[in-house]
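Text of the file coords.csv, holding CSV, N, CA and C atoms:
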```csv
chain,number,residue,atom,x,y,z
A,1,GLY,N,109.1,96.6,105.1
A,1,GLY,CA,109.4,95.9,106.4
A,1,GLY,C,108.7,94.6,106.5
A,2,GLU,N,107.4,94.5,106.1
A,2,GLU,CA,106.7,93.3,106.2
A,2,GLU,C,107.3,92.2,105.3
A,3,LEU,N,107.7,92.6,104.1
A,3,LEU,CA,108.3,91.6,103.3
A,3,LEU,C,109.7,91.1,103.8
A,4,ASP,N,110.4,92.0,104.4
A,4,ASP,CA,111.7,91.7,105.0
A,4,ASP,C,111.5,90.7,106.2
A,5,SER,N,110.5,91.0,107.0
A,5,SER,CA,110.2,90.1,108.1
A,5,SER,C,109.8,88.8,107.6
A,6,LYS,N,109.0,88.7,106.6
A,6,LYS,CA,108.6,87.4,106.0
A,6,LYS,C,109.8,86.6,105.5
A,7,ILE,N,110.7,87.3,104.9
A,7,ILE,CA,111.9,86.6,104.4
A,7,ILE,C,112.7,86.1,105.5
A,8,GLN,N,112.9,86.9,106.6
A,8,GLN,CA,113.6,86.5,107.8
A,8,GLN,C,113.0,85.3,108.5
A,9,SER,N,111.7,85.3,108.6
A,9,SER,CA,111.0,84.2,109.3
A,9,SER,C,110.8,83.0,108.5
A,10,THR,N,110.7,83.0,107.2
A,10,THR,CA,110.5,81.8,106.4
A,10,THR,C,111.7,81.3,105.7
A,11,THR,N,112.7,82.1,105.6
A,11,THR,CA,114.0,81.8,104.9
A,11,THR,C,113.7,81.0,103.6
A,12,PRO,N,113.0,81.6,102.6
A,12,PRO,CA,112.5,80.9,101.5
A,12,PRO,C,113.6,80.3,100.6
A,13,PHE,N,114.8,80.9,100.6
A,13,PHE,CA,115.8,80.3,99.7
A,13,PHE,C,116.5,79.1,100.3
A,14,LYS,N,116.3,78.9,101.6
A,14,LYS,CA,116.7,77.7,102.3
A,14,LYS,C,115.6,76.7,102.2
A,15,LEU,N,114.4,77.1,102.4
A,15,LEU,CA,113.2,76.3,102.3
A,15,LEU,C,113.1,75.6,100.9
A,16,VAL,N,113.4,76.3,99.9
A,16,VAL,CA,113.2,75.8,98.5
A,16,VAL,C,114.1,74.5,98.3
A,17,LYS,N,115.2,74.4,99.1
A,17,LYS,CA,116.1,73.2,99.0
A,17,LYS,C,115.5,72.0,99.7
A,18,THR,N,114.6,72.2,100.6
A,18,THR,CA,114.0,71.0,101.3
A,18,THR,C,112.5,70.8,100.9
A,19,ASP,N,111.8,71.9,100.6
A,19,ASP,CA,110.4,71.8,100.1
A,19,ASP,C,110.2,72.8,99.0
A,20,ALA,N,110.5,72.4,97.8
A,20,ALA,CA,110.6,73.2,96.6
A,20,ALA,C,109.3,74.0,96.4
A,21,GLU,N,108.1,73.3,96.6
A,21,GLU,CA,106.9,73.9,96.3
A,21,GLU,C,106.5,75.0,97.3
A,22,ALA,N,106.8,74.7,98.6
A,22,ALA,CA,106.5,75.7,99.7
A,22,ALA,C,107.5,76.9,99.5
A,23,GLY,N,108.7,76.7,99.1
A,23,GLY,CA,109.6,77.8,98.9
A,23,GLY,C,109.2,78.6,97.7
A,24,LYS,N,108.8,78.0,96.6
A,24,LYS,CA,108.4,78.7,95.5
A,24,LYS,C,107.1,79.6,95.8
A,25,THR,N,106.2,79.0,96.6
A,25,THR,CA,105.0,79.7,96.9
A,25,THR,C,105.3,81.0,97.7
A,26,ILE,N,106.2,80.9,98.7
A,26,ILE,CA,106.6,82.1,99.4
A,26,ILE,C,107.3,83.1,98.6
A,27,ILE,N,108.2,82.6,97.7
A,27,ILE,CA,109.0,83.5,96.8
A,27,ILE,C,108.0,84.2,95.9
A,28,ARG,N,107.0,83.5,95.4
A,28,ARG,CA,106.0,84.1,94.5
A,28,ARG,C,105.2,85.2,95.3
A,29,GLU,N,104.8,84.9,96.5
A,29,GLU,CA,104.1,85.9,97.3
A,29,GLU,C,105.0,87.1,97.6
A,30,LEU,N,106.3,86.9,97.8
A,30,LEU,CA,107.2,88.1,98.0
A,30,LEU,C,107.3,88.9,96.8
A,31,VAL,N,107.4,88.3,95.6
A,31,VAL,CA,107.5,89.0,94.3
A,31,VAL,C,106.2,89.8,94.1
A,32,VAL,N,105.1,89.2,94.4
A,32,VAL,CA,103.8,90.0,94.2
A,32,VAL,C,103.8,91.2,95.2
A,33,GLY,N,104.2,91.0,96.4
A,33,GLY,CA,104.3,92.1,97.3
A,33,GLY,C,105.3,93.2,96.9
A,34,LEU,N,106.4,92.8,96.3
A,34,LEU,CA,107.4,93.7,95.8
A,34,LEU,C,106.8,94.5,94.6
A,35,ASN,N,106.1,93.8,93.8
A,35,ASN,CA,105.5,94.5,92.7
A,35,ASN,C,104.5,95.5,93.2
A,36,GLN,N,103.7,95.2,94.2
A,36,GLN,CA,102.8,96.2,94.8
A,36,GLN,C,103.5,97.4,95.4
A,37,ILE,N,104.6,97.2,96.0
A,37,ILE,CA,105.4,98.3,96.5
A,37,ILE,C,105.8,99.2,95.3
A,38,ALA,N,106.3,98.6,94.2
A,38,ALA,CA,106.6,99.4,93.0
A,38,ALA,C,105.5,100.2,92.5
A,39,VAL,N,104.3,99.6,92.5
A,39,VAL,CA,103.1,100.3,92.0
A,39,VAL,C,102.8,101.5,93.0
A,40,ASP,N,102.9,101.2,94.3
A,40,ASP,CA,102.6,102.3,95.3
A,40,ASP,C,103.6,103.4,95.2
A,41,LEU,N,104.9,103.1,94.9
A,41,LEU,CA,105.9,104.1,94.8
A,41,LEU,C,105.9,105.0,93.6
A,42,GLU,N,105.2,104.5,92.5
A,42,GLU,CA,105.3,105.1,91.2
A,42,GLU,C,105.0,106.7,91.3
A,43,PRO,N,104.0,107.1,92.0
A,43,PRO,CA,103.7,108.6,92.0
A,43,PRO,C,104.8,109.4,92.6
A,44,PHE,N,105.5,108.8,93.6
A,44,PHE,CA,106.5,109.5,94.4
A,44,PHE,C,108.0,109.3,93.9
A,45,LEU,N,108.2,108.1,93.5
A,45,LEU,CA,109.6,107.7,93.0
A,45,LEU,C,109.5,106.9,91.7
A,46,PRO,N,109.1,107.6,90.6
A,46,PRO,CA,108.9,106.9,89.4
A,46,PRO,C,110.1,106.1,88.8
A,47,GLU,N,111.3,106.6,89.0
A,47,GLU,CA,112.4,105.9,88.5
A,47,GLU,C,112.7,104.7,89.3
A,48,THR,N,112.6,104.8,90.6
A,48,THR,CA,112.8,103.7,91.5
A,48,THR,C,111.7,102.6,91.2
A,49,SER,N,110.5,103.0,91.0
A,49,SER,CA,109.4,102.1,90.7
A,49,SER,C,109.7,101.3,89.4
A,50,LEU,N,110.2,102.0,88.4
A,50,LEU,CA,110.5,101.4,87.2
A,50,LEU,C,111.7,100.4,87.4
A,51,ARG,N,112.7,100.8,88.1
A,51,ARG,CA,113.8,99.9,88.4
A,51,ARG,C,113.4,98.6,89.1
A,52,ILE,N,112.4,98.7,90.0
A,52,ILE,CA,111.9,97.5,90.7
A,52,ILE,C,111.2,96.6,89.7
A,53,LYS,N,110.3,97.2,88.9
A,53,LYS,CA,109.5,96.5,88.0
A,53,LYS,C,110.4,95.8,86.9
A,54,GLU,N,111.5,96.5,86.5
A,54,GLU,CA,112.4,95.9,85.5
A,54,GLU,C,113.1,94.7,86.2
A,55,ALA,N,113.6,94.9,87.4
A,55,ALA,CA,114.3,93.8,88.1
A,55,ALA,C,113.4,92.6,88.2
A,56,ILE,N,112.1,92.8,88.5
A,56,ILE,CA,111.1,91.7,88.6
A,56,ILE,C,111.0,91.0,87.3
A,57,SER,N,110.8,91.8,86.2
A,57,SER,CA,110.6,91.2,84.9
A,57,SER,C,111.7,90.4,84.4
A,58,ILE,N,113.0,90.8,84.7
A,58,ILE,CA,114.1,90.1,84.2
A,58,ILE,C,114.6,89.1,85.2
A,59,ASN,N,114.0,89.1,86.4
A,59,ASN,CA,114.4,88.2,87.5
A,59,ASN,C,115.8,88.3,87.9
A,60,LYS,N,116.2,89.5,88.1
A,60,LYS,CA,117.6,89.8,88.5
A,60,LYS,C,117.6,90.8,89.6
A,61,VAL,N,118.6,90.7,90.5
A,61,VAL,CA,118.8,91.7,91.6
A,61,VAL,C,119.5,92.9,91.0
A,62,PRO,N,119.0,94.1,91.3
A,62,PRO,CA,119.7,95.3,90.8
A,62,PRO,C,121.2,95.3,91.2
A,63,VAL,N,122.0,95.8,90.4
A,63,VAL,CA,123.5,95.9,90.7
A,63,VAL,C,123.7,96.9,91.9
A,64,MET,N,123.0,98.0,91.9
A,64,MET,CA,123.1,99.0,93.0
A,64,MET,C,121.8,98.9,93.8
A,65,PRO,N,121.9,99.0,95.1
A,65,PRO,CA,120.8,98.9,96.0
A,65,PRO,C,119.8,100.1,95.7
A,66,LEU,N,118.5,99.8,95.7
A,66,LEU,CA,117.5,100.8,95.5
A,66,LEU,C,117.4,101.8,96.6
A,67,PHE,N,117.6,101.3,97.8
A,67,PHE,CA,117.4,102.1,99.1
A,67,PHE,C,118.6,101.8,100.0
A,68,LEU,N,119.0,102.7,100.8
A,68,LEU,CA,120.0,102.5,101.8
A,68,LEU,C,119.4,101.8,102.9
A,69,ARG,N,120.1,100.8,103.5
A,69,ARG,CA,119.6,100.1,104.7
A,69,ARG,C,120.0,100.8,105.9
A,70,LYS,N,119.1,100.8,106.9
A,70,LYS,CA,119.3,101.4,108.2
A,70,LYS,C,120.2,100.4,108.9
A,71,GLU,N,121.2,100.9,109.6
A,71,GLU,CA,122.1,100.0,110.4
A,71,GLU,C,121.9,100.1,111.8
```
What would the structure in this file look like if it were written as structure tokens?
Amino acid sequence: GELDSKIQSTTPFKLVKTDAEAGKTIIRELVVGLNQIAVDLEPFLPETSLRIKEAISINKVPVMPLFLRKE
């Protein structure tokens, strides 16, 4: 939730077009946070944790969502 809020408030993929360094900094922080989530999930959801880490390492969005979104 915190990472999603940060994405919504900073819009890093828009920011990177006007201030590349600031956008990259925010994206880097988000990736570090996402990796921490993967580490925290490992004992409970090892396959999901691995999929997150793999997506980070190849810098690609997973084809299928890892979690269902609440509507």
Straight-line distance linking CA of Asn59 (chain A) with CA of Gly23 (chain A), stated in Å to one decimal: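 Result for CA of Asn59 (chain A) versus CA of Gly23 (chain A): 16.2 Å, one decimal.
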Backbone-only DSSP, helix (DSSP H, G or I) members of chain A, as a PyMOL selection string: chain A and resi 2-10+12-18+20-41+46-58
Atom pair CA of Glu2 (chain A) / atom N of Val32 (chain A): separation (Å): 12.6 Å
Computed interatomic separation between atom C of Lys24 (chain A) and atom N of Pro43 (chain A) (Å): 27.9 Å
Residues within 5 Å of (107.1, 102.3, 91.9), counting all atoms listed in the file, listed as a PyMOL selection string: chain A and resi 37-42+48-50
As a PDB file, in the frame of the given file, the rebuilt region 39-62 of chain A with N, CA, C and O atoms:
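Result file result01.pdb:
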```pdb
ATOM      1  N   VAL A  39     104.300  99.600  92.500  1.00  0.00           N
ATOM      2  CA  VAL A  39     103.100 100.300  92.000  1.00  0.00           C
ATOM      3  C   VAL A  39     102.800 101.500  93.000  1.00  0.00           C
ATOM      4  O   VAL A  39     102.520 102.622  92.552  1.00  0.00           O
ATOM      5  N   ASP A  40     102.900 101.200  94.300  1.00  0.00           N
ATOM      6  CA  ASP A  40     102.600 102.300  95.300  1.00  0.00           C
ATOM      7  C   ASP A  40     103.600 103.400  95.200  1.00  0.00           C
ATOM      8  O   ASP A  40     103.319 104.565  95.509  1.00  0.00           O
ATOM      9  N   LEU A  41     104.900 103.100  94.900  1.00  0.00           N
ATOM     10  CA  LEU A  41     105.900 104.100  94.800  1.00  0.00           C
ATOM     11  C   LEU A  41     105.900 105.000  93.600  1.00  0.00           C
ATOM     12  O   LEU A  41     106.470 106.061  93.544  1.00  0.00           O
ATOM     13  N   GLU A  42     105.200 104.500  92.500  1.00  0.00           N
ATOM     14  CA  GLU A  42     105.300 105.100  91.200  1.00  0.00           C
ATOM     15  C   GLU A  42     105.000 106.700  91.300  1.00  0.00           C
ATOM     16  O   GLU A  42     105.732 107.424  90.660  1.00  0.00           O
ATOM     17  N   PRO A  43     104.000 107.100  92.000  1.00  0.00           N
ATOM     18  CA  PRO A  43     103.700 108.600  92.000  1.00  0.00           C
ATOM     19  C   PRO A  43     104.800 109.400  92.600  1.00  0.00           C
ATOM     20  O   PRO A  43     105.011 110.545  92.322  1.00  0.00           O
ATOM     21  N   PHE A  44     105.500 108.800  93.600  1.00  0.00           N
ATOM     22  CA  PHE A  44     106.500 109.500  94.400  1.00  0.00           C
ATOM     23  C   PHE A  44     108.000 109.300  93.900  1.00  0.00           C
ATOM     24  O   PHE A  44     108.771 110.220  93.934  1.00  0.00           O
ATOM     25  N   LEU A  45     108.200 108.100  93.500  1.00  0.00           N
ATOM     26  CA  LEU A  45     109.600 107.700  93.000  1.00  0.00           C
ATOM     27  C   LEU A  45     109.500 106.900  91.700  1.00  0.00           C
ATOM     28  O   LEU A  45     109.700 105.714  91.659  1.00  0.00           O
ATOM     29  N   PRO A  46     109.100 107.600  90.600  1.00  0.00           N
ATOM     30  CA  PRO A  46     108.900 106.900  89.400  1.00  0.00           C
ATOM     31  C   PRO A  46     110.100 106.100  88.800  1.00  0.00           C
ATOM     32  O   PRO A  46     109.898 104.989  88.326  1.00  0.00           O
ATOM     33  N   GLU A  47     111.300 106.600  89.000  1.00  0.00           N
ATOM     34  CA  GLU A  47     112.400 105.900  88.500  1.00  0.00           C
ATOM     35  C   GLU A  47     112.700 104.700  89.300  1.00  0.00           C
ATOM     36  O   GLU A  47     113.042 103.625  88.762  1.00  0.00           O
ATOM     37  N   THR A  48     112.600 104.800  90.600  1.00  0.00           N
ATOM     38  CA  THR A  48     112.800 103.700  91.500  1.00  0.00           C
ATOM     39  C   THR A  48     111.700 102.600  91.200  1.00  0.00           C
ATOM     40  O   THR A  48     112.029 101.397  91.152  1.00  0.00           O
ATOM     41  N   SER A  49     110.500 103.000  91.000  1.00  0.00           N
ATOM     42  CA  SER A  49     109.400 102.100  90.700  1.00  0.00           C
ATOM     43  C   SER A  49     109.700 101.300  89.400  1.00  0.00           C
ATOM     44  O   SER A  49     109.575 100.100  89.396  1.00  0.00           O
ATOM     45  N   LEU A  50     110.200 102.000  88.400  1.00  0.00           N
ATOM     46  CA  LEU A  50     110.500 101.400  87.200  1.00  0.00           C
ATOM     47  C   LEU A  50     111.700 100.400  87.400  1.00  0.00           C
ATOM     48  O   LEU A  50     111.643  99.305  86.803  1.00  0.00           O
ATOM     49  N   ARG A  51     112.700 100.800  88.100  1.00  0.00           N
ATOM     50  CA  ARG A  51     113.800  99.900  88.400  1.00  0.00           C
ATOM     51  C   ARG A  51     113.400  98.600  89.100  1.00  0.00           C
ATOM     52  O   ARG A  51     113.837  97.493  88.763  1.00  0.00           O
ATOM     53  N   ILE A  52     112.400  98.700  90.000  1.00  0.00           N
ATOM     54  CA  ILE A  52     111.900  97.500  90.700  1.00  0.00           C
ATOM     55  C   ILE A  52     111.200  96.600  89.700  1.00  0.00           C
ATOM     56  O   ILE A  52     111.388  95.428  89.671  1.00  0.00           O
ATOM     57  N   LYS A  53     110.300  97.200  88.900  1.00  0.00           N
ATOM     58  CA  LYS A  53     109.500  96.500  88.000  1.00  0.00           C
ATOM     59  C   LYS A  53     110.400  95.800  86.900  1.00  0.00           C
ATOM     60  O   LYS A  53     110.188  94.634  86.558  1.00  0.00           O
ATOM     61  N   GLU A  54     111.500  96.500  86.500  1.00  0.00           N
ATOM     62  CA  GLU A  54     112.400  95.900  85.500  1.00  0.00           C
ATOM     63  C   GLU A  54     113.100  94.700  86.200  1.00  0.00           C
ATOM     64  O   GLU A  54     113.331  93.685  85.532  1.00  0.00           O
ATOM     65  N   ALA A  55     113.600  94.900  87.400  1.00  0.00           N
ATOM     66  CA  ALA A  55     114.300  93.800  88.100  1.00  0.00           C
ATOM     67  C   ALA A  55     113.400  92.600  88.200  1.00  0.00           C
ATOM     68  O   ALA A  55     113.813  91.437  88.066  1.00  0.00           O
ATOM     69  N   ILE A  56     112.100  92.800  88.500  1.00  0.00           N
ATOM     70  CA  ILE A  56     111.100  91.700  88.600  1.00  0.00           C
ATOM     71  C   ILE A  56     111.000  91.000  87.300  1.00  0.00           C
ATOM     72  O   ILE A  56     111.021  89.804  87.176  1.00  0.00           O
ATOM     73  N   SER A  57     110.800  91.800  86.200  1.00  0.00           N
ATOM     74  CA  SER A  57     110.600  91.200  84.900  1.00  0.00           C
ATOM     75  C   SER A  57     111.700  90.400  84.400  1.00  0.00           C
ATOM     76  O   SER A  57     111.523  89.452  83.656  1.00  0.00           O
ATOM     77  N   ILE A  58     113.000  90.800  84.700  1.00  0.00           N
ATOM     78  CA  ILE A  58     114.100  90.100  84.200  1.00  0.00           C
ATOM     79  C   ILE A  58     114.600  89.100  85.200  1.00  0.00           C
ATOM     80  O   ILE A  58     115.591  88.353  84.989  1.00  0.00           O
ATOM     81  N   ASN A  59     114.000  89.100  86.400  1.00  0.00           N
ATOM     82  CA  ASN A  59     114.400  88.200  87.500  1.00  0.00           C
ATOM     83  C   ASN A  59     115.800  88.300  87.900  1.00  0.00           C
ATOM     84  O   ASN A  59     116.516  87.314  88.085  1.00  0.00           O
ATOM     85  N   LYS A  60     116.200  89.500  88.100  1.00  0.00           N
ATOM     86  CA  LYS A  60     117.600  89.800  88.500  1.00  0.00           C
ATOM     87  C   LYS A  60     117.600  90.800  89.600  1.00  0.00           C
ATOM     88  O   LYS A  60     116.833  91.766  89.638  1.00  0.00           O
ATOM     89  N   VAL A  61     118.600  90.700  90.500  1.00  0.00           N
ATOM     90  CA  VAL A  61     118.800  91.700  91.600  1.00  0.00           C
ATOM     91  C   VAL A  61     119.500  92.900  91.000  1.00  0.00           C
ATOM     92  O   VAL A  61     120.446  92.719  90.242  1.00  0.00           O
ATOM     93  N   PRO A  62     119.000  94.100  91.300  1.00  0.00           N
ATOM     94  CA  PRO A  62     119.700  95.300  90.800  1.00  0.00           C
ATOM     95  C   PRO A  62     121.200  95.300  91.200  1.00  0.00           C
ATOM     96  O   PRO A  62     121.511  94.881  92.338  1.00  0.00           O
TER      97      PRO A  62
END
```
